[in-house]
Structures are given as C-alpha cells and as structure tokens.
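Chemist: What follows is input29.cif, made up of mmCIF, C-alpha atoms and all ligand atoms:
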data_target
loop_
_atom_site.label_atom_id
_atom_site.label_comp_id
_atom_site.auth_asym_id
_atom_site.auth_seq_id
_atom_site.Cartn_x
_atom_site.Cartn_y
_atom_site.Cartn_z
CA MET O 1 10.33 -18.56 67.70
CA HIS O 2 12.63 -17.74 70.63
CA ASP O 3 16.41 -17.87 70.05
CA THR O 4 17.33 -20.21 72.86
CA ILE O 5 14.17 -21.32 74.64
CA ARG O 6 12.48 -24.01 72.56
CA PRO O 7 9.51 -26.31 73.15
CA GLN O 8 9.70 -30.05 72.60
CA PRO O 9 9.97 -31.25 68.97
CA GLY O 10 6.58 -31.38 67.28
CA ILE O 11 4.95 -28.61 69.28
CA LEU O 12 5.70 -25.86 66.75
CA ASP O 13 4.23 -28.06 63.97
CA ILE O 14 0.82 -27.81 65.59
CA ALA O 15 -1.58 -25.58 63.68
CA LEU O 16 -3.89 -23.85 66.14
CA TYR O 17 -7.33 -25.45 66.29
CA GLU O 18 -9.97 -23.10 65.01
CA GLY O 19 -13.39 -23.75 66.45
CA GLY O 20 -16.58 -23.13 64.52
CA LYS O 21 -17.20 -19.41 64.23
CA ALA O 22 -19.69 -18.14 66.82
CA HIS O 23 -20.30 -14.51 65.76
CA LEU O 24 -20.66 -12.40 62.66
CA ALA O 25 -19.58 -8.77 62.71
CA GLY O 26 -22.61 -6.52 62.88
CA VAL O 27 -25.15 -9.35 63.22
CA SER O 28 -26.85 -9.80 66.59
CA ASN O 29 -29.08 -12.82 65.95
CA ALA O 30 -26.75 -14.98 63.86
CA LEU O 31 -27.68 -18.65 63.69
CA LYS O 32 -24.71 -20.81 64.61
CA LEU O 33 -24.65 -24.11 62.74
CA SER O 34 -20.87 -24.51 62.79
CA SER O 35 -20.02 -26.66 65.82
CA ASN O 36 -22.44 -29.62 65.81
CA GLU O 37 -24.18 -28.40 68.95
CA ASN O 38 -27.58 -29.68 70.01
CA PRO O 39 -30.01 -26.88 69.02
CA PHE O 40 -32.19 -27.76 72.03
CA GLY O 41 -29.35 -27.68 74.57
CA PRO O 42 -29.35 -29.99 77.60
CA GLY O 43 -32.49 -31.52 79.10
CA ASP O 44 -34.33 -29.95 82.05
CA ARG O 45 -32.95 -32.37 84.62
CA ALA O 46 -29.36 -31.53 83.73
CA LYS O 47 -30.18 -27.81 83.92
CA GLU O 48 -31.80 -28.19 87.34
CA VAL O 49 -28.76 -29.97 88.74
CA PHE O 50 -26.47 -27.32 87.27
CA GLY O 51 -28.24 -24.69 89.37
CA LYS O 52 -28.05 -26.77 92.54
CA THR O 53 -24.30 -27.24 92.33
CA VAL O 54 -23.85 -23.54 93.19
CA HIS O 55 -24.27 -24.51 96.86
CA THR O 56 -21.22 -26.78 96.97
CA LEU O 57 -18.73 -24.80 94.91
CA HIS O 58 -16.41 -24.33 97.91
CA ARG O 59 -15.94 -28.11 98.17
CA TYR O 60 -13.35 -30.01 96.17
CA PRO O 61 -14.89 -32.53 93.80
CA GLY O 62 -14.51 -36.26 94.30
CA THR O 63 -11.52 -37.81 92.59
CA ASP O 64 -12.81 -41.25 91.59
CA HIS O 65 -15.91 -40.12 89.62
CA ALA O 66 -17.67 -43.18 91.02
CA ALA O 67 -21.25 -41.86 90.78
CA LEU O 68 -20.88 -40.70 87.18
CA ARG O 69 -19.14 -43.91 86.12
CA GLN O 70 -21.90 -45.92 87.80
CA ALA O 71 -24.59 -43.92 85.97
CA ILE O 72 -22.85 -44.39 82.62
CA GLY O 73 -22.41 -48.08 83.40
CA ASP O 74 -26.09 -48.50 84.32
CA VAL O 75 -27.33 -46.78 81.18
CA HIS O 76 -24.96 -48.48 78.74
CA TRP O 77 -24.66 -51.85 80.52
CA LEU O 78 -20.93 -51.37 81.00
CA ASP O 79 -18.59 -52.16 83.91
CA PRO O 80 -17.91 -48.85 85.73
CA GLU O 81 -14.42 -50.13 86.54
CA ARG O 82 -13.63 -49.91 82.85
CA ILE O 83 -14.78 -46.28 82.46
CA ILE O 84 -12.70 -43.09 82.78
CA CYS O 85 -14.09 -39.54 82.68
CA GLY O 86 -12.36 -36.49 81.29
CA VAL O 87 -12.63 -32.84 80.33
CA GLY O 88 -14.41 -33.60 77.08
CA SER O 89 -13.36 -36.58 75.02
CA ASP O 90 -10.51 -34.31 73.91
CA GLU O 91 -8.85 -34.96 77.27
CA ILE O 92 -9.25 -38.73 76.86
CA ILE O 93 -7.60 -38.48 73.42
CA THR O 94 -4.76 -36.48 75.03
CA PHE O 95 -4.34 -39.12 77.78
CA LEU O 96 -4.14 -41.90 75.18
CA CYS O 97 -1.41 -40.09 73.26
CA GLN O 98 0.52 -39.17 76.42
CA ALA O 99 0.38 -42.71 77.71
CA TYR O 100 1.04 -44.68 74.55
CA ALA O 101 2.85 -42.53 71.98
CA GLY O 102 6.09 -40.57 71.94
CA PRO O 103 8.99 -39.67 69.64
CA LYS O 104 9.41 -42.18 66.77
CA ASP O 105 5.95 -43.65 67.39
CA GLU O 106 3.19 -43.32 64.82
CA VAL O 107 -0.40 -42.24 65.40
CA VAL O 108 -2.72 -43.17 62.54
CA PHE O 109 -5.95 -41.43 61.53
CA THR O 110 -7.83 -40.86 58.30
CA GLU O 111 -7.65 -38.17 55.65
CA HIS O 112 -10.77 -36.36 56.82
CA GLY O 113 -10.39 -37.36 60.48
CA PHE O 114 -10.88 -35.15 63.54
CA LEU O 115 -8.15 -32.47 63.86
CA MET O 116 -7.50 -33.26 67.53
CA TYR O 117 -5.81 -36.58 66.62
CA ARG O 118 -3.01 -34.80 64.78
CA ILE O 119 -2.69 -32.11 67.46
CA SER O 120 -2.51 -34.63 70.32
CA ALA O 121 0.03 -36.79 68.44
CA LEU O 122 2.30 -33.81 67.70
CA ALA O 123 1.99 -32.60 71.28
CA VAL O 124 3.74 -35.75 72.51
CA GLY O 125 6.36 -35.74 69.76
CA ALA O 126 4.81 -38.66 67.88
CA THR O 127 4.50 -38.83 64.09
CA PRO O 128 1.01 -38.32 62.70
CA VAL O 129 0.18 -40.69 59.84
CA GLU O 130 -2.75 -39.74 57.68
CA VAL O 131 -4.45 -42.45 55.60
CA ALA O 132 -6.51 -41.78 52.47
CA GLU O 133 -10.26 -42.39 52.60
CA ARG O 134 -12.33 -43.87 49.80
CA GLU O 135 -14.92 -41.30 48.67
CA ARG O 136 -15.09 -39.81 52.18
CA MET O 137 -15.34 -43.25 53.79
CA THR O 138 -12.88 -44.86 56.22
CA ASP O 139 -10.84 -47.42 54.25
CA VAL O 140 -9.91 -50.33 56.53
CA ASP O 141 -7.50 -51.94 54.07
CA ALA O 142 -5.62 -48.67 53.54
CA ILE O 143 -5.29 -48.23 57.32
CA LEU O 144 -3.99 -51.76 57.78
CA ARG O 145 -1.45 -51.18 55.00
CA ALA O 146 -0.29 -47.98 56.73
CA CYS O 147 0.41 -49.68 60.06
CA THR O 148 4.00 -50.49 61.00
CA LYS O 149 5.99 -51.69 64.01
CA ARG O 150 5.86 -48.11 65.24
CA THR O 151 2.08 -47.67 65.12
CA LYS O 152 0.78 -47.17 68.65
CA LEU O 153 -2.68 -45.66 68.17
CA VAL O 154 -5.28 -45.72 65.39
CA PHE O 155 -8.08 -43.15 65.80
CA ILE O 156 -11.33 -43.65 63.90
CA ALA O 157 -14.41 -41.53 64.51
CA ASN O 158 -17.52 -43.57 63.68
CA PRO O 159 -19.65 -41.80 62.50
CA ASN O 160 -16.85 -39.55 61.30
CA ASN O 161 -16.71 -35.76 61.56
CA PRO O 162 -16.93 -33.92 59.16
CA THR O 163 -18.01 -36.56 56.61
CA GLY O 164 -20.93 -38.00 58.61
CA THR O 165 -20.25 -41.46 57.16
CA MET O 166 -19.62 -44.62 59.15
CA ILE O 167 -18.27 -48.12 58.68
CA SER O 168 -20.02 -51.28 59.90
CA PRO O 169 -19.20 -53.04 63.17
CA ALA O 170 -17.88 -55.95 61.10
CA GLU O 171 -15.43 -53.66 59.29
CA MET O 172 -14.36 -52.17 62.60
CA GLU O 173 -13.74 -55.64 63.98
CA ARG O 174 -11.69 -56.54 60.91
CA LEU O 175 -9.59 -53.44 61.56
CA ALA O 176 -9.06 -54.32 65.23
CA ALA O 177 -8.14 -57.90 64.38
CA GLY O 178 -5.65 -56.86 61.72
CA LEU O 179 -3.65 -54.33 63.75
CA PRO O 180 -0.07 -55.00 64.81
CA PRO O 181 0.12 -56.33 68.39
CA GLN O 182 1.40 -53.09 69.99
CA ALA O 183 -1.35 -50.87 68.53
CA ILE O 184 -4.63 -49.71 70.10
CA LEU O 185 -7.73 -49.00 68.01
CA VAL O 186 -9.56 -45.97 69.43
CA ILE O 187 -13.16 -45.72 68.28
CA ASP O 188 -14.34 -42.14 68.76
CA GLY O 189 -18.08 -42.33 69.35
CA ALA O 190 -18.79 -38.59 69.68
CA TYR O 191 -21.84 -39.04 67.42
CA ALA O 192 -22.76 -42.61 68.41
CA GLU O 193 -26.01 -41.58 70.13
CA TYR O 194 -27.34 -40.25 66.84
CA VAL O 195 -27.29 -43.77 65.37
CA GLU O 196 -30.30 -45.75 66.54
CA GLY O 197 -29.32 -49.07 68.10
CA TYR O 198 -25.55 -48.54 67.75
CA ASP O 199 -23.31 -49.28 70.77
CA GLY O 200 -20.58 -46.85 69.70
CA GLY O 201 -18.02 -49.65 69.61
CA SER O 202 -18.44 -50.68 73.25
CA GLY O 203 -19.08 -54.32 72.33
CA LEU O 204 -15.75 -54.51 70.54
CA ALA O 205 -14.02 -52.71 73.42
CA THR O 206 -15.56 -55.22 75.86
CA GLY O 207 -14.27 -58.24 74.01
CA ARG O 208 -10.82 -57.15 72.82
CA ASP O 209 -7.77 -55.97 74.72
CA ASN O 210 -6.71 -53.60 71.91
CA VAL O 211 -9.90 -51.55 71.45
CA PHE O 212 -10.88 -48.39 73.33
CA MET O 213 -13.99 -46.23 72.89
CA THR O 214 -14.37 -42.49 73.59
CA ARG O 215 -17.70 -40.69 74.11
CA THR O 216 -18.82 -37.16 74.88
CA PHE O 217 -21.50 -35.08 76.55
CA SER O 218 -20.82 -32.27 74.05
CA LYS O 219 -23.05 -33.39 71.21
CA ILE O 220 -26.43 -35.06 71.78
CA TYR O 221 -26.40 -34.17 75.49
CA GLY O 222 -26.10 -30.48 74.61
CA LEU O 223 -23.30 -29.84 77.13
CA GLY O 224 -20.40 -28.73 74.92
CA GLY O 225 -19.85 -25.67 77.11
CA LEU O 226 -19.37 -27.76 80.25
CA ARG O 227 -16.64 -30.08 78.87
CA ILE O 228 -17.31 -33.69 79.88
CA GLY O 229 -16.35 -36.87 78.05
CA TRP O 230 -15.55 -40.46 78.89
CA GLY O 231 -13.69 -43.49 77.71
CA TYR O 232 -14.36 -47.22 77.99
CA GLY O 233 -12.04 -50.08 77.36
CA PRO O 234 -9.89 -52.88 78.70
CA LYS O 235 -8.84 -52.60 82.33
CA HIS O 236 -5.14 -52.49 81.44
CA ILE O 237 -5.67 -49.25 79.48
CA ILE O 238 -7.96 -47.66 82.10
CA ASP O 239 -5.32 -48.36 84.77
CA VAL O 240 -2.68 -46.60 82.67
CA LEU O 241 -4.84 -43.57 81.83
CA ASN O 242 -5.87 -43.10 85.49
CA ARG O 243 -2.20 -42.64 86.40
CA ILE O 244 -1.92 -39.52 84.26
CA ARG O 245 -5.42 -38.14 84.88
CA GLY O 246 -5.36 -35.21 87.29
CA PRO O 247 -7.34 -36.18 90.42
CA PHE O 248 -9.52 -33.06 90.14
CA ASN O 249 -9.84 -32.96 86.35
CA LEU O 250 -13.64 -32.70 86.59
CA SER O 251 -15.51 -30.21 88.77
CA THR O 252 -18.47 -31.11 90.95
CA THR O 253 -20.69 -29.26 88.47
CA GLN O 254 -19.37 -31.28 85.53
CA LEU O 255 -19.74 -34.56 87.41
CA GLU O 256 -23.24 -33.96 88.74
CA VAL O 257 -24.69 -32.45 85.59
CA ALA O 258 -23.29 -35.28 83.46
CA GLU O 259 -24.76 -37.85 85.84
CA ALA O 260 -28.21 -36.25 85.60
CA ALA O 261 -27.87 -35.98 81.83
CA VAL O 262 -26.92 -39.60 81.21
CA ARG O 263 -29.79 -40.81 83.39
CA ASP O 264 -32.23 -38.78 81.28
CA GLN O 265 -32.33 -41.00 78.20
CA GLU O 266 -35.80 -39.73 77.36
CA TRP O 267 -34.18 -36.44 76.37
CA VAL O 268 -31.52 -38.24 74.33
CA ASN O 269 -34.17 -40.24 72.48
CA LYS O 270 -36.17 -37.13 71.71
CA CYS O 271 -33.09 -35.34 70.37
CA ARG O 272 -32.08 -38.37 68.30
CA SER O 273 -35.42 -38.66 66.56
CA GLU O 274 -35.78 -34.94 65.97
CA ASN O 275 -32.26 -34.85 64.52
CA ALA O 276 -32.99 -37.77 62.20
CA ARG O 277 -36.18 -36.10 60.96
CA MET O 278 -34.58 -32.73 60.27
CA ARG O 279 -31.33 -34.19 58.89
CA HIS O 280 -33.31 -36.10 56.29
CA TRP O 281 -35.33 -33.00 55.47
CA LEU O 282 -32.24 -30.78 55.19
CA ALA O 283 -30.29 -33.22 52.99
CA GLU O 284 -33.26 -33.50 50.62
CA ALA O 285 -33.80 -29.75 50.53
CA LEU O 286 -30.13 -29.16 49.70
CA ALA O 287 -30.15 -31.88 47.03
CA GLU O 288 -33.17 -30.23 45.43
CA VAL O 289 -31.17 -27.05 44.88
CA GLY O 290 -28.20 -28.95 43.49
CA VAL O 291 -26.10 -29.42 46.61
CA PRO O 292 -25.47 -33.13 47.23
CA SER O 293 -24.22 -34.78 50.42
CA ASP O 294 -23.32 -38.28 51.60
CA THR O 295 -25.92 -39.96 53.81
CA SER O 296 -25.03 -38.58 57.23
CA MET O 297 -25.34 -40.67 60.38
CA ALA O 298 -24.58 -37.72 62.68
CA ASN O 299 -26.04 -34.28 63.51
CA PHE O 300 -24.63 -32.45 60.53
CA VAL O 301 -24.64 -32.64 56.75
CA LEU O 302 -21.51 -32.24 54.64
CA ALA O 303 -22.75 -30.14 51.72
CA ARG O 304 -20.68 -30.62 48.56
CA PHE O 305 -20.25 -27.82 46.04
CA ALA O 306 -19.00 -27.89 42.45
CA SER O 307 -15.77 -26.10 43.37
CA VAL O 308 -13.82 -24.47 46.17
CA GLU O 309 -14.87 -21.08 44.79
CA GLU O 310 -18.54 -21.99 44.93
CA ALA O 311 -18.27 -23.28 48.50
CA GLU O 312 -16.50 -20.09 49.58
CA ALA O 313 -19.01 -17.89 47.79
CA CYS O 314 -21.91 -19.75 49.38
CA ASP O 315 -20.32 -19.38 52.82
CA GLY O 316 -19.98 -15.64 52.16
CA PHE O 317 -23.63 -15.38 51.12
CA LEU O 318 -24.78 -17.36 54.17
CA GLN O 319 -22.81 -15.04 56.45
CA SER O 320 -24.50 -12.05 54.83
CA GLN O 321 -27.78 -13.71 55.82
CA GLY O 322 -26.65 -14.19 59.43
CA LEU O 323 -25.96 -17.90 59.02
CA ILE O 324 -22.75 -19.49 60.29
CA VAL O 325 -21.67 -22.86 58.91
CA ARG O 326 -18.29 -24.59 59.02
CA ARG O 327 -15.65 -24.30 56.32
CA VAL O 328 -13.80 -27.61 56.27
CA ALA O 329 -10.69 -26.83 54.22
CA ALA O 330 -8.60 -27.83 57.26
CA TYR O 331 -10.20 -31.28 56.88
CA LYS O 332 -9.08 -31.39 53.23
CA LEU O 333 -12.61 -30.72 52.03
CA PRO O 334 -12.32 -27.15 50.70
CA HIS O 335 -15.25 -27.61 48.30
CA CYS O 336 -17.60 -28.54 51.14
CA LEU O 337 -19.43 -26.80 53.97
CA ARG O 338 -20.43 -28.67 57.11
CA ILE O 339 -23.88 -27.65 58.29
CA THR O 340 -25.12 -28.67 61.73
CA VAL O 341 -28.71 -29.91 61.83
CA GLY O 342 -30.56 -27.17 63.69
CA ASP O 343 -34.15 -27.05 64.87
CA GLU O 344 -36.87 -26.97 62.22
CA ALA O 345 -36.81 -23.18 61.81
CA GLY O 346 -33.01 -23.23 61.53
CA CYS O 347 -33.05 -25.97 58.90
CA ARG O 348 -35.65 -24.10 56.87
CA ARG O 349 -33.65 -20.90 57.08
CA ILE O 350 -30.40 -22.49 55.90
CA ALA O 351 -32.05 -24.50 53.12
CA HIS O 352 -33.81 -21.38 51.88
CA ALA O 353 -30.58 -19.37 51.89
CA VAL O 354 -28.60 -22.04 50.02
CA GLY O 355 -31.44 -22.15 47.48
CA GLN O 356 -31.26 -18.37 47.11
CA PHE O 357 -27.51 -18.61 46.60
CA LYS O 358 -28.04 -21.19 43.88
CA GLY O 359 -30.53 -18.79 42.29
CA LEU O 360 -33.32 -21.30 42.65
CA LYS O 361 -35.49 -19.74 45.32
C1 LIG L 1 -17.09 -33.01 68.80
C2 LIG L 1 -16.18 -34.16 68.71
C3 LIG L 1 -15.61 -34.70 69.84
C4 LIG L 1 -15.99 -34.19 71.19
O1 LIG L 1 -15.03 -33.46 71.78
P1 LIG L 1 -15.27 -33.01 73.29
O2 LIG L 1 -13.90 -32.72 73.74
O3 LIG L 1 -15.88 -34.16 74.00
O4 LIG L 1 -16.17 -31.82 73.26
C5 LIG L 1 -14.77 -35.79 69.74
N1 LIG L 1 -14.53 -36.34 68.54
C6 LIG L 1 -15.09 -35.88 67.41
C7 LIG L 1 -14.85 -36.56 66.13
C8 LIG L 1 -15.92 -34.76 67.47
O5 LIG L 1 -16.47 -34.28 66.35
#
Give the structure from this file in structure tokens form.
Modeler:
Amino acid sequence: MHDTIRPQPGILDIALYEGGKAHLAGVSNALKLSSNENPFGPGDRAKEVFGKTVHTLHRYPGTDHAALRQAIGDVHWLDPERIICGVGSDEIITFLCQAYAGPKDEVVFTEHGFLMYRISALAVGATPVEVAERERMTDVDAILRACTKRTKLVFIANPNNPTGTMISPAEMERLAAGLPPQAILVIDGAYAEYVEGYDGGSGLATGRDNVFMTRTFSKIYGLGGLRIGWGYGPKHIIDVLNRIRGPFNLSTTQLEVAEAAVRDQEWVNKCRSENARMRHWLAEALAEVGVPSDTSMANFVLARFASVEEAEACDGFLQSQGLIVRRVAAYKLPHCLRITVGDEAGCRRIAHAVGQFKGLK
C-alpha cells in the first residue's frame, strides 16, 4: 500500500478474481473444463458475422444498441425498451452496484454465490452480506432474515454457479415479495438457457418493480471471449443504468455477433440438449466411482469429495492427465471440484481419469 495515495475504502479488501486455469505447464493439448464454456463454441451464423465486421472496424458503433435489443426482445418476447446491453453480464452487475449501492449500504448474496457480487459491492464501498445456504441451495428465509433497512441489492444466480442448483419460480417470487421496499432482487440467469422451458426470471421482472434479470452470451452462446451480456427489468431501473453506461461500451463486432447469435435459437436448442445428455452421463459416471454431486441444472457438475485433501489430490492427478477443472475453495467449497460438461469425448476422458484416481478403473 502507498503511504499517502489511497484508493476508496473497500477497494483494498477486494481479492483478485482468479479465472479458471487455461493452461498446464508442459502440456500442449490440455482439456479445459474450468470456466463453463460451451465446448462447441458459437454457432456458424455468429462466426460468419464476426468475420464480416472486419470491414466496418473504422466506424464507431451505435450507442443505443437498438438492433440487438430488438433481437433479444423478439426471441424472448420482451419489450426492447426494458433491455440494456453490457460488456458481459459482469458489467451489468457493476452498473447495478454503482447506481444503487454505496458506503453503509448492504449488498446481499449467498454463501456459494458468484464472486463478482462481492467484488462489485466492495468496489463501490458497500458492505457485502453473505447468507448461508441450505445444503448448497439458496435459502429464501435466511436471505429475508438477513435483509435490513440498508439492503439495496440481493443477487441470486438461478441456477447458481458453482452449485448448479436452483430454486423454483414460486420461491423466487416469495423472495421478491418479502424484500424491504428499497431493495432490488437481481436474478442472474447466466445459465437460464440450460433449463428447458425456464424464462430466467423475466416473468417476475416484467410484473414487479423490484426485480431485475441479467443474462449473458458467455455460456450457452459460446461467446465468452467476446464479452456481451444484457439485463432486463423495470423501466425505472433501465433509465438509471443507461445514465452510467458508457455510450460506446459495446463494439460493432460485439453487437452484430450477439444479434446473429440470439436469432439462431436452433444452435441454442442443440447445445441445450447435448449438454443435458452429457451432464446426466457425467454425473452418473462420477457417482459410479464414488464421487457424488447435486442434480445440476447448468453446464457443469459440482463433484464432491470426502475431504479437502482428496479434492486437491484429485485435481493434481487430473492436471497430470492434461485435464483442467475448477477448484472452488474461493466459493467455500474446498472439498469440491467444478467440472464443466464438455463434449462426449471430453466427458469420457474426465470420468475415466476420476475413476483412475479413485483406483476403480
Ligand atoms: C459466467 C457467469 C456470468 C457471466 O459473466 P459474463 O460477464 O457475462 O461473462 C454471470 N453470472 C454467473 C453466476 C456466472 O457463472
């Protein structure tokens, strides 16, 4: 820390976010199953548009994101006027904290909730409030008990990362209805597309003035490297967030590729069903070798080990086999490893290696 030049309170309490490891020393063809990426990448239409945008790179992008918001609105049956687009949903989370929370305010999230909620709360000087889960499940009553006059934001990922579990729409509605009047419920739908027939919380955000939904192109759309996300909610919140959004926060490439991607729901459906098939297969294969997991609704499985030591040893063995999974000690799950559902070959490889580690294959 510098002697006299100091950042705002809270900033130095932020622990640097560590992304899923991408490389292993000395291994050239490592399989990365550590960041919940779509093993198939984006669809062909999105890739085609990406190439075309090279011809307009000298032009500034549009500032109102109208075409992308219209496309999202068409596909999800939502009012484009109530949509905002950002540099990943991370930026939407940042906007929400900047706009609604500050020193002495509280930002609530759950025990095994996404790390960005804490980081974004601390970045604006707000107080992060972490609420216990019940057996790796969001506990609505515990959250309601934790709320105070100072609570401004409540972040719930549904399905949650890294647990993969989710609560019902009825439970979510009970949470929204029970919040103090100054608080906003933010439903993070990063994995919503993986749940067949689930609206990600948009229905609740349509009907209530205290519910906001965030979504991303980083997961099922296979565009994590391009950084595009969006939010949907009541007009009064969209109006506030648009005031702090930089006019050129998204590039032409981001805007046009995302528009092509969201209009290609055939690709999304294909990825959803393939994920469901392989997730089921992987969870069963792991259970067979003595590694249980909760039923996951997302594109990863949270593998539970008997102890922290066993989880660490398994991670070490997997790395020796060129396999990268995610340690989740930072999510208070040191005895677990989060494994992204890969393609069929990837799932077979990881299941085989875990079996070898357990001495069963
Ligand atoms: C991956 C993820 C996101 C997406 O972040 P982006 O900034 O859109 O890439 C958001 N929330 C959760 C819970 C996630 O796991």
Chemist: Kindly give the distance, in Å, that separates CA of Thr94 (chain O) and CA of Pro159 (chain O), rounded to a single decimal.
Modeler: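 So the two atoms, CA of Thr94 (chain O) and CA of Pro159 (chain O), lie 20.2 Å apart.
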Chemist: What residues have any atom no more than 9 Å from ligand LIG 1 (chain L) when counting only C-alpha atoms and all ligand atoms, and can you list them as a count of residues only?
Modeler: 41
Chemist: With all atoms listed in the file as the basis for distance, which of O:Gly203, O:Gly316, O:Gly233, O:Pro61 is at the shortest distance from Thr253 (chain O)?
Modeler: O:Pro61
Chemist: Give me the residues within 8 Å of Val108 (chain O) as a list in words, counting all atoms listed in the file and dropping any in the same chain fewer than 6 places off.
Modeler: Pro128, Val129, Glu130, Val131, Ile143, Ala146, Cys147, Thr151, Leu153, Val154 and Phe155 of chain O
Chemist: When distances are computed from all atoms listed in the file, which of O:Asp239, O:Asp44, O:Glu111, O:Asp13 shows the smallest separation from Ile84 (chain O)?
Modeler: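 Smallest separation from Ile84 (chain O) among the options: O:Asp239.
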Chemist: What's the separation between CA of Trp267 (chain O) and CA of Gly43 (chain O), in Å to one decimal place?
Modeler: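 Interatomic distance, CA of Trp267 (chain O) to CA of Gly43 (chain O): 5.9 Å.
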Chemist: Could you list, as an MDAnalysis selection string, every residue within 9 Å of region 325-335 of chain O, counting all atoms listed in the file and ignoring same-chain residues fewer than 2 positions away?
Modeler: chainID O and resid 19:21 31:35 111:115 162 303:312 315 318:319 323 337:340
Chemist: May I ask for the distance between CA of Glu133 (chain O) and CA of Arg145 (chain O), given in Å to one decimal place?
Modeler: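 Computing the Euclidean distance for CA of Glu133 (chain O) and CA of Arg145 (chain O) yields 12.7 Å.
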Chemist: When you look at Gln182 (chain O) with a cut-off of 10 Å (counting all atoms listed in the file), what residues show up, excluding the ones that are within fewer than 2 positions of it in the same chain? I need them as a PyMOL selection string.
Modeler: chain O and resi 100+148-153+179-180+184+210
Chemist: From the set O:Lys270, O:Arg263, O:His65, O:Arg82, which residue has the shortest atom-to-atom contact distance to Gly246 (chain O), counting all atoms listed in the file?
Modeler: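 Using all atoms listed in the file, the shortest distance to Gly246 (chain O) belongs to O:His65.
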Chemist: Just checking: using only C-alpha atoms, which residue out of O:Ile5, O:Val49, O:Leu122, O:Val301 ends up closest to Ala258 (chain O)?
Modeler: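 Answer, going by the shortest atom-to-atom distance: O:Val49.
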Chemist: Please determine an axis-aligned box that encloses all atoms of region 45-52 of chain O listed in the file, with 5 Å added on each side, and express its centre and edge lengths in Å to one decimal as AutoDock Vina command-line options.
Modeler:
--center_x -29.7 --center_y -28.5 --center_z 88.1 --size_x 16.5 --size_y 17.7 --size_z 18.8
